[in-house]
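Structure data follow from protein-v7.cif (mmCIF, C-alpha atoms, pLDDT in the B column; chains and numbers go by the auth columns):
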data_work
#
loop_
_atom_site.group_PDB
_atom_site.id
_atom_site.type_symbol
_atom_site.label_atom_id
_atom_site.label_comp_id
_atom_site.label_asym_id
_atom_site.label_seq_id
_atom_site.Cartn_x
_atom_site.Cartn_y
_atom_site.Cartn_z
_atom_site.B_iso_or_equiv
_atom_site.auth_seq_id
_atom_site.auth_asym_id
ATOM 1 C CA CYS A 1 13.119 1.077 -19.306 67.00 1 A
ATOM 2 C CA SER A 2 12.503 -0.077 -22.843 76.00 2 A
ATOM 3 C CA GLN A 3 11.489 1.629 -26.027 79.00 3 A
ATOM 4 C CA ALA A 4 7.778 1.752 -26.789 75.00 4 A
ATOM 5 C CA ASN A 5 6.576 -0.677 -29.426 81.00 5 A
ATOM 6 C CA ASP A 6 4.639 2.053 -31.222 76.00 6 A
ATOM 7 C CA LEU A 7 6.545 5.350 -31.207 74.00 7 A
ATOM 8 C CA ILE A 8 3.691 7.267 -32.857 72.00 8 A
ATOM 9 C CA GLU A 9 1.279 6.196 -30.123 72.00 9 A
ATOM 10 C CA ALA A 10 3.894 6.988 -27.457 70.00 10 A
ATOM 11 C CA SER A 11 4.189 10.542 -28.831 72.00 11 A
ATOM 12 C CA SER A 12 0.512 11.251 -28.383 69.00 12 A
ATOM 13 C CA CYS A 13 -0.614 8.914 -25.613 74.00 13 A
ATOM 14 C CA VAL A 14 0.793 8.782 -22.085 86.00 14 A
ATOM 15 C CA ASP A 15 -1.666 6.236 -20.720 86.00 15 A
ATOM 16 C CA ALA A 16 1.021 4.373 -18.765 89.00 16 A
ATOM 17 C CA LEU A 17 1.922 7.530 -16.852 91.00 17 A
ATOM 18 C CA VAL A 18 -1.747 8.316 -16.215 93.00 18 A
ATOM 19 C CA THR A 19 -2.322 4.781 -14.931 94.00 19 A
ATOM 20 C CA PHE A 20 0.712 4.958 -12.666 95.00 20 A
ATOM 21 C CA SER A 21 -0.386 8.348 -11.343 96.00 21 A
ATOM 22 C CA GLY A 22 -3.848 6.911 -10.658 96.00 22 A
ATOM 23 C CA SER A 23 -2.294 4.090 -8.650 96.00 23 A
ATOM 24 C CA LEU A 24 -0.272 6.614 -6.659 97.00 24 A
ATOM 25 C CA ARG A 25 -3.436 8.645 -6.090 97.00 25 A
ATOM 26 C CA LYS A 26 -5.153 5.523 -4.732 98.00 26 A
ATOM 27 C CA VAL A 27 -2.277 5.023 -2.282 97.00 27 A
ATOM 28 C CA ALA A 28 -2.582 8.675 -1.241 98.00 28 A
ATOM 29 C CA ILE A 29 -6.316 8.279 -0.623 98.00 29 A
ATOM 30 C CA LYS A 30 -5.780 5.217 1.585 98.00 30 A
ATOM 31 C CA VAL A 31 -2.885 6.782 3.507 98.00 31 A
ATOM 32 C CA SER A 32 -4.838 9.997 4.047 98.00 32 A
ATOM 33 C CA LYS A 33 -7.740 7.977 5.453 98.00 33 A
ATOM 34 C CA VAL A 34 -5.354 6.220 7.861 98.00 34 A
ATOM 35 C CA CYS A 35 -3.984 9.608 8.964 98.00 35 A
ATOM 36 C CA SER A 36 -7.497 10.940 9.533 98.00 36 A
ATOM 37 C CA ASP A 37 -8.268 7.850 11.636 97.00 37 A
ATOM 38 C CA LEU A 38 -5.106 8.394 13.695 97.00 38 A
ATOM 39 C CA ARG A 39 -6.154 11.995 14.327 96.00 39 A
ATOM 40 C CA LEU A 40 -9.656 10.959 15.360 96.00 40 A
ATOM 41 C CA LEU A 41 -8.612 8.033 17.560 95.00 41 A
ATOM 42 C CA SER A 42 -6.051 10.216 19.364 93.00 42 A
ATOM 43 C CA SER A 43 -8.427 13.145 19.859 91.00 43 A
ATOM 44 C CA GLY A 44 -8.667 14.375 23.410 82.00 44 A
ATOM 45 C CA PRO A 45 -7.289 14.507 26.005 75.00 45 A
ATOM 46 C CA ARG A 46 -10.740 14.508 27.689 78.00 46 A
ATOM 47 C CA CYS A 47 -13.483 15.117 25.129 83.00 47 A
ATOM 48 C CA GLY A 48 -12.305 13.049 22.182 87.00 48 A
ATOM 49 C CA PHE A 49 -11.964 9.354 21.430 91.00 49 A
ATOM 50 C CA GLY A 50 -8.647 9.072 23.261 90.00 50 A
ATOM 51 C CA GLU A 51 -8.142 5.424 22.301 94.00 51 A
ATOM 52 C CA ILE A 52 -4.513 5.919 21.298 94.00 52 A
ATOM 53 C CA THR A 53 -1.683 8.294 22.128 92.00 53 A
ATOM 54 C CA LEU A 54 0.572 9.608 19.387 94.00 54 A
ATOM 55 C CA PRO A 55 4.208 10.547 19.945 93.00 55 A
ATOM 56 C CA ALA A 56 4.621 14.247 20.710 89.00 56 A
ATOM 57 C CA ALA A 57 6.224 15.758 17.615 86.00 57 A
ATOM 58 C CA ALA A 58 5.753 19.385 18.687 81.00 58 A
ATOM 59 C CA PRO A 59 5.812 21.264 22.014 73.00 59 A
ATOM 60 C CA GLY A 60 2.008 21.048 22.275 71.00 60 A
ATOM 61 C CA SER A 61 -1.111 22.954 21.401 70.00 61 A
ATOM 62 C CA SER A 62 -0.839 26.749 21.324 71.00 62 A
ATOM 63 C CA ILE A 63 -4.412 27.108 22.603 74.00 63 A
ATOM 64 C CA MET A 64 -4.772 24.008 24.785 73.00 64 A
ATOM 65 C CA PRO A 65 -1.837 23.292 27.110 73.00 65 A
ATOM 66 C CA GLY A 66 -1.144 19.606 27.618 72.00 66 A
ATOM 67 C CA LYS A 67 -2.744 18.503 24.358 77.00 67 A
ATOM 68 C CA ILE A 68 -0.615 16.562 21.875 82.00 68 A
ATOM 69 C CA ASN A 69 -1.477 17.737 18.394 89.00 69 A
ATOM 70 C CA PRO A 70 -1.435 15.071 15.661 94.00 70 A
ATOM 71 C CA VAL A 71 1.025 17.079 13.578 94.00 71 A
ATOM 72 C CA ILE A 72 2.603 14.153 11.721 97.00 72 A
ATOM 73 C CA PRO A 73 -0.726 12.729 10.466 98.00 73 A
ATOM 74 C CA GLU A 74 -1.714 16.298 9.540 97.00 74 A
ATOM 75 C CA VAL A 75 1.499 16.733 7.542 97.00 75 A
ATOM 76 C CA VAL A 76 0.962 13.456 5.720 98.00 76 A
ATOM 77 C CA ASN A 77 -2.704 14.341 5.048 98.00 77 A
ATOM 78 C CA GLN A 78 -1.404 17.434 3.251 98.00 78 A
ATOM 79 C CA VAL A 79 1.111 15.380 1.282 98.00 79 A
ATOM 80 C CA CYS A 80 -1.737 13.128 0.170 98.00 80 A
ATOM 81 C CA PHE A 81 -3.928 16.095 -0.787 98.00 81 A
ATOM 82 C CA GLN A 82 -1.083 17.383 -2.961 98.00 82 A
ATOM 83 C CA VAL A 83 -0.670 14.006 -4.674 98.00 83 A
ATOM 84 C CA MET A 84 -4.426 13.727 -5.274 97.00 84 A
ATOM 85 C CA GLY A 85 -4.540 17.235 -6.708 97.00 85 A
ATOM 86 C CA THR A 86 -1.589 16.843 -9.041 97.00 86 A
ATOM 87 C CA ASP A 87 -3.008 13.549 -10.310 97.00 87 A
ATOM 88 C CA HIS A 88 -5.707 15.762 -11.810 97.00 88 A
ATOM 89 C CA VAL A 89 -3.010 17.914 -13.431 97.00 89 A
ATOM 90 C CA ILE A 90 -1.489 14.772 -14.960 95.00 90 A
ATOM 91 C CA ALA A 91 -4.871 13.570 -16.251 95.00 91 A
ATOM 92 C CA THR A 92 -5.676 16.979 -17.732 95.00 92 A
ATOM 93 C CA ALA A 93 -2.273 17.265 -19.395 94.00 93 A
ATOM 94 C CA SER A 94 -2.746 13.797 -20.868 92.00 94 A
ATOM 95 C CA GLU A 95 -6.151 14.704 -22.244 91.00 95 A
ATOM 96 C CA ALA A 96 -4.773 17.895 -23.843 87.00 96 A
ATOM 97 C CA ALA A 97 -2.765 15.999 -26.465 85.00 97 A
ATOM 98 C CA GLN A 98 -3.684 16.880 -30.024 84.00 98 A
ATOM 99 C CA LEU A 99 -3.490 14.406 -32.865 83.00 99 A
ATOM 100 C CA GLN A 100 -0.112 12.634 -32.797 82.00 100 A
ATOM 101 C CA LEU A 101 1.666 14.795 -30.215 81.00 101 A
ATOM 102 C CA ASN A 102 1.373 15.478 -26.499 82.00 102 A
ATOM 103 C CA VAL A 103 3.465 18.554 -25.761 87.00 103 A
ATOM 104 C CA PHE A 104 2.570 18.458 -22.050 85.00 104 A
ATOM 105 C CA GLU A 105 4.796 15.568 -21.024 91.00 105 A
ATOM 106 C CA PRO A 106 7.086 17.893 -19.017 94.00 106 A
ATOM 107 C CA VAL A 107 4.327 18.832 -16.549 95.00 107 A
ATOM 108 C CA ILE A 108 3.211 15.192 -16.397 94.00 108 A
ATOM 109 C CA VAL A 109 6.678 13.855 -15.627 95.00 109 A
ATOM 110 C CA TYR A 110 7.483 16.713 -13.231 97.00 110 A
ATOM 111 C CA ASN A 111 4.363 16.097 -11.152 97.00 111 A
ATOM 112 C CA LEU A 112 4.706 12.333 -11.255 97.00 112 A
ATOM 113 C CA LEU A 113 8.310 12.392 -10.022 97.00 113 A
ATOM 114 C CA ASN A 114 7.428 15.004 -7.412 97.00 114 A
ATOM 115 C CA ASN A 115 4.497 12.885 -6.207 97.00 115 A
ATOM 116 C CA LEU A 116 6.760 9.859 -5.869 97.00 116 A
ATOM 117 C CA ASP A 117 9.177 11.851 -3.709 97.00 117 A
ATOM 118 C CA LEU A 118 6.358 13.311 -1.629 97.00 118 A
ATOM 119 C CA MET A 119 4.754 9.937 -0.931 97.00 119 A
ATOM 120 C CA ARG A 120 8.054 8.211 -0.165 98.00 120 A
ATOM 121 C CA ASN A 121 9.099 10.950 2.270 98.00 121 A
ATOM 122 C CA GLY A 122 5.602 11.188 3.735 97.00 122 A
ATOM 123 C CA LEU A 123 5.344 7.456 4.379 98.00 123 A
ATOM 124 C CA ASP A 124 8.815 7.329 5.935 98.00 124 A
ATOM 125 C CA THR A 125 7.933 10.265 8.195 97.00 125 A
ATOM 126 C CA LEU A 126 4.585 8.749 9.182 98.00 126 A
ATOM 127 C CA ARG A 127 6.188 5.448 10.137 97.00 127 A
ATOM 128 C CA GLU A 128 9.249 6.835 11.930 97.00 128 A
ATOM 129 C CA LYS A 129 7.688 9.787 13.759 96.00 129 A
ATOM 130 C CA CYS A 130 4.176 8.501 14.403 96.00 130 A
ATOM 131 C CA VAL A 131 3.156 4.892 13.761 97.00 131 A
ATOM 132 C CA ASP A 132 6.189 3.345 15.484 97.00 132 A
ATOM 133 C CA GLY A 133 5.303 5.282 18.653 96.00 133 A
ATOM 134 C CA VAL A 134 1.520 4.825 18.784 96.00 134 A
ATOM 135 C CA VAL A 135 0.364 3.538 22.178 96.00 135 A
ATOM 136 C CA ALA A 136 -3.106 2.156 22.839 95.00 136 A
ATOM 137 C CA ASP A 137 -4.859 3.379 25.994 93.00 137 A
ATOM 138 C CA GLU A 138 -5.982 -0.078 27.142 93.00 138 A
ATOM 139 C CA ASP A 139 -8.140 1.182 30.010 92.00 139 A
ATOM 140 C CA ARG A 140 -9.953 3.660 27.773 92.00 140 A
ATOM 141 C CA CYS A 141 -10.511 1.028 25.058 90.00 141 A
ATOM 142 C CA ALA A 142 -11.786 -1.522 27.586 88.00 142 A
ATOM 143 C CA SER A 143 -14.133 1.071 29.051 88.00 143 A
ATOM 144 C CA LEU A 144 -15.566 1.890 25.633 88.00 144 A
ATOM 145 C CA VAL A 145 -16.069 -1.782 24.754 86.00 145 A
ATOM 146 C CA ASN A 146 -17.629 -2.693 28.092 83.00 146 A
ATOM 147 C CA GLY A 147 -19.856 0.383 28.029 85.00 147 A
ATOM 148 C CA SER A 148 -21.023 -0.247 24.489 88.00 148 A
ATOM 149 C CA ILE A 149 -24.647 -1.105 23.808 90.00 149 A
ATOM 150 C CA GLY A 150 -23.634 -2.934 20.625 88.00 150 A
ATOM 151 C CA ILE A 151 -22.162 -5.849 22.557 89.00 151 A
ATOM 152 C CA VAL A 152 -25.716 -6.983 23.272 91.00 152 A
ATOM 153 C CA THR A 153 -25.750 -8.626 19.831 90.00 153 A
ATOM 154 C CA ASN A 154 -23.518 -11.351 21.255 89.00 154 A
ATOM 155 C CA LEU A 155 -26.257 -12.152 23.772 90.00 155 A
ATOM 156 C CA MET A 156 -28.965 -12.872 21.203 91.00 156 A
ATOM 157 C CA PRO A 157 -28.240 -16.625 21.114 89.00 157 A
ATOM 158 C CA LEU A 158 -28.679 -16.667 24.906 89.00 158 A
ATOM 159 C CA LEU A 159 -31.580 -14.246 25.333 90.00 159 A
ATOM 160 C CA GLY A 160 -33.336 -14.176 21.992 91.00 160 A
ATOM 161 C CA TYR A 161 -33.865 -11.098 19.862 93.00 161 A
ATOM 162 C CA LYS A 162 -36.728 -9.498 21.815 93.00 162 A
ATOM 163 C CA ARG A 163 -35.140 -9.855 25.227 92.00 163 A
ATOM 164 C CA ALA A 164 -31.729 -8.721 23.923 93.00 164 A
ATOM 165 C CA THR A 165 -33.425 -5.642 22.459 93.00 165 A
ATOM 166 C CA ALA A 166 -35.086 -4.936 25.802 94.00 166 A
ATOM 167 C CA VAL A 167 -31.724 -5.299 27.578 93.00 167 A
ATOM 168 C CA ALA A 168 -30.135 -2.868 25.137 94.00 168 A
ATOM 169 C CA LYS A 169 -32.930 -0.325 25.592 94.00 169 A
ATOM 170 C CA GLU A 170 -32.782 -0.503 29.382 94.00 170 A
ATOM 171 C CA ALA A 171 -28.991 -0.245 29.404 93.00 171 A
ATOM 172 C CA LEU A 172 -29.195 2.813 27.157 92.00 172 A
ATOM 173 C CA ASP A 173 -32.003 4.484 29.136 93.00 173 A
ATOM 174 C CA THR A 174 -30.518 3.839 32.585 93.00 174 A
ATOM 175 C CA ASN A 175 -26.778 3.958 31.810 90.00 175 A
ATOM 176 C CA ILE A 176 -26.427 0.554 33.487 90.00 176 A
ATOM 177 C CA PRO A 177 -23.934 -1.786 31.733 89.00 177 A
ATOM 178 C CA VAL A 178 -25.416 -4.382 29.369 91.00 178 A
ATOM 179 C CA ALA A 179 -23.827 -7.185 31.410 90.00 179 A
ATOM 180 C CA THR A 180 -25.561 -6.036 34.608 91.00 180 A
ATOM 181 C CA VAL A 181 -28.984 -5.833 32.970 92.00 181 A
ATOM 182 C CA ALA A 182 -28.557 -9.162 31.167 92.00 182 A
ATOM 183 C CA ALA A 183 -27.503 -10.924 34.370 90.00 183 A
ATOM 184 C CA ARG A 184 -31.168 -10.757 35.470 89.00 184 A
ATOM 185 C CA TYR A 185 -31.992 -13.350 32.817 89.00 185 A
ATOM 186 C CA VAL A 186 -28.870 -15.525 32.552 88.00 186 A
ATOM 187 C CA ASP A 187 -26.181 -16.484 35.055 88.00 187 A
ATOM 188 C CA ALA A 188 -23.580 -13.712 35.383 87.00 188 A
ATOM 189 C CA SER A 189 -20.670 -16.064 34.625 88.00 189 A
ATOM 190 C CA VAL A 190 -22.296 -17.043 31.315 89.00 190 A
ATOM 191 C CA ILE A 191 -22.844 -13.368 30.477 89.00 191 A
ATOM 192 C CA GLU A 192 -19.247 -12.521 31.369 88.00 192 A
ATOM 193 C CA LYS A 193 -17.929 -15.226 29.057 88.00 193 A
ATOM 194 C CA ALA A 194 -20.272 -14.206 26.209 89.00 194 A
ATOM 195 C CA LEU A 195 -19.273 -10.547 26.500 88.00 195 A
ATOM 196 C CA ASP A 196 -15.525 -11.113 26.818 86.00 196 A
ATOM 197 C CA PRO A 197 -14.099 -8.960 23.983 82.00 197 A
ATOM 198 C CA ARG A 198 -11.490 -11.608 23.220 80.00 198 A
ATOM 199 C CA ASN A 199 -14.247 -14.146 22.585 78.00 199 A
ATOM 200 C CA MET A 200 -16.196 -11.666 20.469 75.00 200 A
ATOM 201 C CA THR A 201 -13.236 -10.901 18.237 74.00 201 A
#
Entire entry expressed as structure tokens:
Amino acid sequence: CSQANDLIEASSCVDALVTFSGSLRKVAIKVSKVCSDLRLLSSGPRCGFGEITLPAAAPGSSIMPGKINPVIPEVVNQVCFQVMGTDHVIATASEAAQLQLNVFEPVIVYNLLNNLDLMRNGLDTLREKCVDGVVADEDRCASLVNGSIGIVTNLMPLLGYKRATAVAKEALDTNIPVATVAARYVDASVIEKALDPRNMT
């Protein structure tokens, strides 16, 4: 730390703390979004996305035996909500300064230090008790990719736009895989190579 160049400004203006709190809020927003994605991608076990499995951090669901609740992402979501909310407290306390004095620095500093602790502990918990143990359900992911209608876009250079659109519509209407429908127009081995997810990514 170093002394402010202008002590009068430092007595009334806490812009540096507001800026730092805003940066922490941005981190909280991003982390909360990641946690929401983890919850969605692990939803199931039968009716959700089910693309990943999270480590079991609790005995299970109280209303659905066998279900692994995403308790760690939920905890960290709440940490992030708290940080986002108290960023507003910090901004409001900064705005409430009058003339050459901000008497609300205690609530600003208290919330800022508390938010730092919350985010540090939340991120450590998320990594140790969730992210390190995430497992992709490869069969489920492959099934979703291969059953997707969107993969038809990779066939447009081979089939042209109109025919690719017709393939997509028929696949959607009949529940027949895109590759099977498209194989009527182009050799199946060519289709297989074009629709290989590794080639598409």
Around all of range 112-120 of chain A's listed atoms, make the axis-aligned box with 8 Å on each side and tell me centre and edge lengths in Å to one decimal, as lines of an AutoDock Vina configuration file.
center_x = 6.8
center_y = 11.6
center_z = -5.7
size_x = 20.7
size_y = 22.8
size_z = 27.1
Using only C-alpha atoms, tabulate the residues of range 52-145 of chain A lying at most 12 Å from any atom of range 166-183 of chain A, each with its closest atom pair and that distance in Å to one decimal, by chain and increasing residue number, as JSON lines.
{"residue": "A:Ser143", "atom": "CA", "partner": "A:Pro177", "partner_atom": "CA", "distance": 10.6}
{"residue": "A:Leu144", "atom": "CA", "partner": "A:Pro177", "partner_atom": "CA", "distance": 11.0}
{"residue": "A:Val145", "atom": "CA", "partner": "A:Pro177", "partner_atom": "CA", "distance": 10.5}
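Straight-line separation from CA of Ala164 in chain A to CA of Ala142 in chain A: 21.5 Å.
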>> Excluding Glu74 in chain A and its own-chain neighbours fewer than 3 positions away, which residues fall within 12 Å of it when counting all atoms listed in the file? Please give them as a list of chain:residue names.
In response: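 Residues near the query, excluding close chain neighbours: A:Val31, A:Ser32, A:Lys33, A:Val34, A:Cys35, A:Ser36, A:Asp37, A:Leu38, A:Arg39, A:Leu40, A:Ala57, A:Asn69, A:Pro70, A:Val71, A:Asn77, A:Gln78, A:Val79, A:Cys80, A:Phe81, A:Gly122, A:Thr125, A:Leu126, A:Cys130.
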Could the residues in this selection be written to a file with C-alpha atoms, as a PDB file, in the frame of the given file?
ATOM      1  CA  VAL A  31      -2.885   6.782   3.507  1.00 98.00           C
ATOM      2  CA  SER A  32      -4.838   9.997   4.047  1.00 98.00           C
ATOM      3  CA  LYS A  33      -7.740   7.977   5.453  1.00 98.00           C
ATOM      4  CA  VAL A  34      -5.354   6.220   7.861  1.00 98.00           C
ATOM      5  CA  CYS A  35      -3.984   9.608   8.964  1.00 98.00           C
ATOM      6  CA  SER A  36      -7.497  10.940   9.533  1.00 98.00           C
ATOM      7  CA  ASP A  37      -8.268   7.850  11.636  1.00 97.00           C
ATOM      8  CA  LEU A  38      -5.106   8.394  13.695  1.00 97.00           C
ATOM      9  CA  ARG A  39      -6.154  11.995  14.327  1.00 96.00           C
ATOM     10  CA  LEU A  40      -9.656  10.959  15.360  1.00 96.00           C
ATOM     11  CA  ALA A  57       6.224  15.758  17.615  1.00 86.00           C
ATOM     12  CA  ASN A  69      -1.477  17.737  18.394  1.00 89.00           C
ATOM     13  CA  PRO A  70      -1.435  15.071  15.661  1.00 94.00           C
ATOM     14  CA  VAL A  71       1.025  17.079  13.578  1.00 94.00           C
ATOM     15  CA  ASN A  77      -2.704  14.341   5.048  1.00 98.00           C
ATOM     16  CA  GLN A  78      -1.404  17.434   3.251  1.00 98.00           C
ATOM     17  CA  VAL A  79       1.111  15.380   1.282  1.00 98.00           C
ATOM     18  CA  CYS A  80      -1.737  13.128   0.170  1.00 98.00           C
ATOM     19  CA  PHE A  81      -3.928  16.095  -0.787  1.00 98.00           C
ATOM     20  CA  GLY A 122       5.602  11.188   3.735  1.00 97.00           C
ATOM     21  CA  THR A 125       7.933  10.265   8.195  1.00 97.00           C
ATOM     22  CA  LEU A 126       4.585   8.749   9.182  1.00 98.00           C
ATOM     23  CA  CYS A 130       4.176   8.501  14.403  1.00 96.00           C
TER      24      CYS A 130
END
> Between A:Gly44, A:Gly50, A:Gly85, A:Gly133, which has the minimum distance to Ser21 in chain A (counting all atoms listed in the file)?
Replying inline: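 Smallest separation from Ser21 in chain A among the options: A:Gly85.
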> When you draw a straight line from CA of Ile8 in chain A to CA of Val103 in chain A, how long is it in Å?
Replying inline: 13.3 Å
>> I'd like the contact shell of Tyr110 in chain A - 12 Å cut-off, all atoms listed in the file, skipping same-chain residues fewer than 2 positions apart - returned as a list in words.
In response: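 The residues that qualify are Leu17, Ser21, Thr86, Asp87, Val89, Ile90, Ala93, Phe104, Glu105, Pro106, Val107, Ile108, Leu112, Leu113, Asn114, Asn115, Leu116 and Asp117 of chain A.
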> CA of Met119 in chain A to CA of Arg25 in chain A: how many Å, to one decimal?
Replying inline: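 That distance, rounded to one decimal, is 9.8 Å.
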>> I need the residue nearest Arg140 in chain A from this list: A:Pro45, A:Ser23, A:Lys30, A:Gly66. Use all atoms listed in the file for the distance.
In response: A:Pro45
> Within 7 Å of Ala136 in chain A, counting all atoms listed in the file, which residues qualify if same-chain residues fewer than 3 places away don't, as a PyMOL selection string?
Replying inline: chain A and resi 51-53
Serialized selection, C-alpha atoms, as a JSON list (two decimals), keeping the file's coordinate frame:
[["chain", "number", "residue", "atom", "x", "y", "z"],
["A", 51, "GLU", "CA", -8.14, 5.42, 22.30],
["A", 52, "ILE", "CA", -4.51, 5.92, 21.30],
["A", 53, "THR", "CA", -1.68, 8.29, 22.13]]
Just range 123-136 of chain A from the block, N, CA, C and O atoms, as a PDB file, in the first residue's frame, could you?
ATOM      1  N   LEU A 123     -14.409 -20.458  -4.739  1.00  0.00           N
ATOM      2  CA  LEU A 123     -13.657 -21.005  -5.867  1.00  0.00           C
ATOM      3  C   LEU A 123     -12.863 -22.240  -5.469  1.00  0.00           C
ATOM      4  O   LEU A 123     -12.799 -23.218  -6.225  1.00  0.00           O
ATOM      5  N   ASP A 124     -12.262 -22.210  -4.278  1.00  0.00           N
ATOM      6  CA  ASP A 124     -11.536 -23.393  -3.797  1.00  0.00           C
ATOM      7  C   ASP A 124     -12.482 -24.582  -3.654  1.00  0.00           C
ATOM      8  O   ASP A 124     -12.168 -25.703  -4.056  1.00  0.00           O
ATOM      9  N   THR A 125     -13.656 -24.332  -3.078  1.00  0.00           N
ATOM     10  CA  THR A 125     -14.645 -25.395  -2.881  1.00  0.00           C
ATOM     11  C   THR A 125     -15.137 -25.937  -4.217  1.00  0.00           C
ATOM     12  O   THR A 125     -15.263 -27.157  -4.405  1.00  0.00           O
ATOM     13  N   LEU A 126     -15.404 -25.045  -5.162  1.00  0.00           N
ATOM     14  CA  LEU A 126     -15.888 -25.473  -6.477  1.00  0.00           C
ATOM     15  C   LEU A 126     -14.865 -26.370  -7.162  1.00  0.00           C
ATOM     16  O   LEU A 126     -15.213 -27.414  -7.721  1.00  0.00           O
ATOM     17  N   ARG A 127     -13.604 -25.960  -7.102  1.00  0.00           N
ATOM     18  CA  ARG A 127     -12.561 -26.759  -7.761  1.00  0.00           C
ATOM     19  C   ARG A 127     -12.369 -28.097  -7.068  1.00  0.00           C
ATOM     20  O   ARG A 127     -12.374 -29.150  -7.714  1.00  0.00           O
ATOM     21  N   GLU A 128     -12.207 -28.076  -5.743  1.00  0.00           N
ATOM     22  CA  GLU A 128     -11.863 -29.293  -5.005  1.00  0.00           C
ATOM     23  C   GLU A 128     -13.013 -30.292  -4.931  1.00  0.00           C
ATOM     24  O   GLU A 128     -12.797 -31.494  -5.043  1.00  0.00           O
ATOM     25  N   LYS A 129     -14.234 -29.801  -4.733  1.00  0.00           N
ATOM     26  CA  LYS A 129     -15.358 -30.704  -4.475  1.00  0.00           C
ATOM     27  C   LYS A 129     -16.269 -30.924  -5.676  1.00  0.00           C
ATOM     28  O   LYS A 129     -17.227 -31.677  -5.596  1.00  0.00           O
ATOM     29  N   CYS A 130     -15.961 -30.240  -6.793  1.00  0.00           N
ATOM     30  CA  CYS A 130     -16.824 -30.413  -7.964  1.00  0.00           C
ATOM     31  C   CYS A 130     -16.013 -30.562  -9.246  1.00  0.00           C
ATOM     32  O   CYS A 130     -15.975 -31.643  -9.832  1.00  0.00           O
ATOM     33  N   VAL A 131     -15.364 -29.498  -9.679  1.00  0.00           N
ATOM     34  CA  VAL A 131     -14.733 -29.482 -11.003  1.00  0.00           C
ATOM     35  C   VAL A 131     -13.715 -30.603 -11.167  1.00  0.00           C
ATOM     36  O   VAL A 131     -13.675 -31.271 -12.215  1.00  0.00           O
ATOM     37  N   ASP A 132     -12.898 -30.840 -10.137  1.00  0.00           N
ATOM     38  CA  ASP A 132     -11.881 -31.900 -10.238  1.00  0.00           C
ATOM     39  C   ASP A 132     -12.495 -33.286 -10.431  1.00  0.00           C
ATOM     40  O   ASP A 132     -11.820 -34.199 -10.899  1.00  0.00           O
ATOM     41  N   GLY A 133     -13.771 -33.447 -10.077  1.00  0.00           N
ATOM     42  CA  GLY A 133     -14.405 -34.765 -10.179  1.00  0.00           C
ATOM     43  C   GLY A 133     -15.460 -34.883 -11.258  1.00  0.00           C
ATOM     44  O   GLY A 133     -16.182 -35.888 -11.332  1.00  0.00           O
ATOM     45  N   VAL A 134     -15.584 -33.863 -12.119  1.00  0.00           N
ATOM     46  CA  VAL A 134     -16.575 -33.919 -13.199  1.00  0.00           C
ATOM     47  C   VAL A 134     -16.188 -35.003 -14.200  1.00  0.00           C
ATOM     48  O   VAL A 134     -15.030 -35.118 -14.600  1.00  0.00           O
ATOM     49  N   VAL A 135     -17.172 -35.820 -14.588  1.00  0.00           N
ATOM     50  CA  VAL A 135     -16.940 -36.887 -15.558  1.00  0.00           C
ATOM     51  C   VAL A 135     -17.938 -36.727 -16.703  1.00  0.00           C
ATOM     52  O   VAL A 135     -19.143 -36.595 -16.470  1.00  0.00           O
ATOM     53  N   ALA A 136     -17.429 -36.709 -17.916  1.00  0.00           N
ATOM     54  CA  ALA A 136     -18.310 -36.622 -19.086  1.00  0.00           C
ATOM     55  C   ALA A 136     -18.922 -37.984 -19.372  1.00  0.00           C
ATOM     56  O   ALA A 136     -18.245 -39.006 -19.289  1.00  0.00           O
TER      57      ALA A 136
END
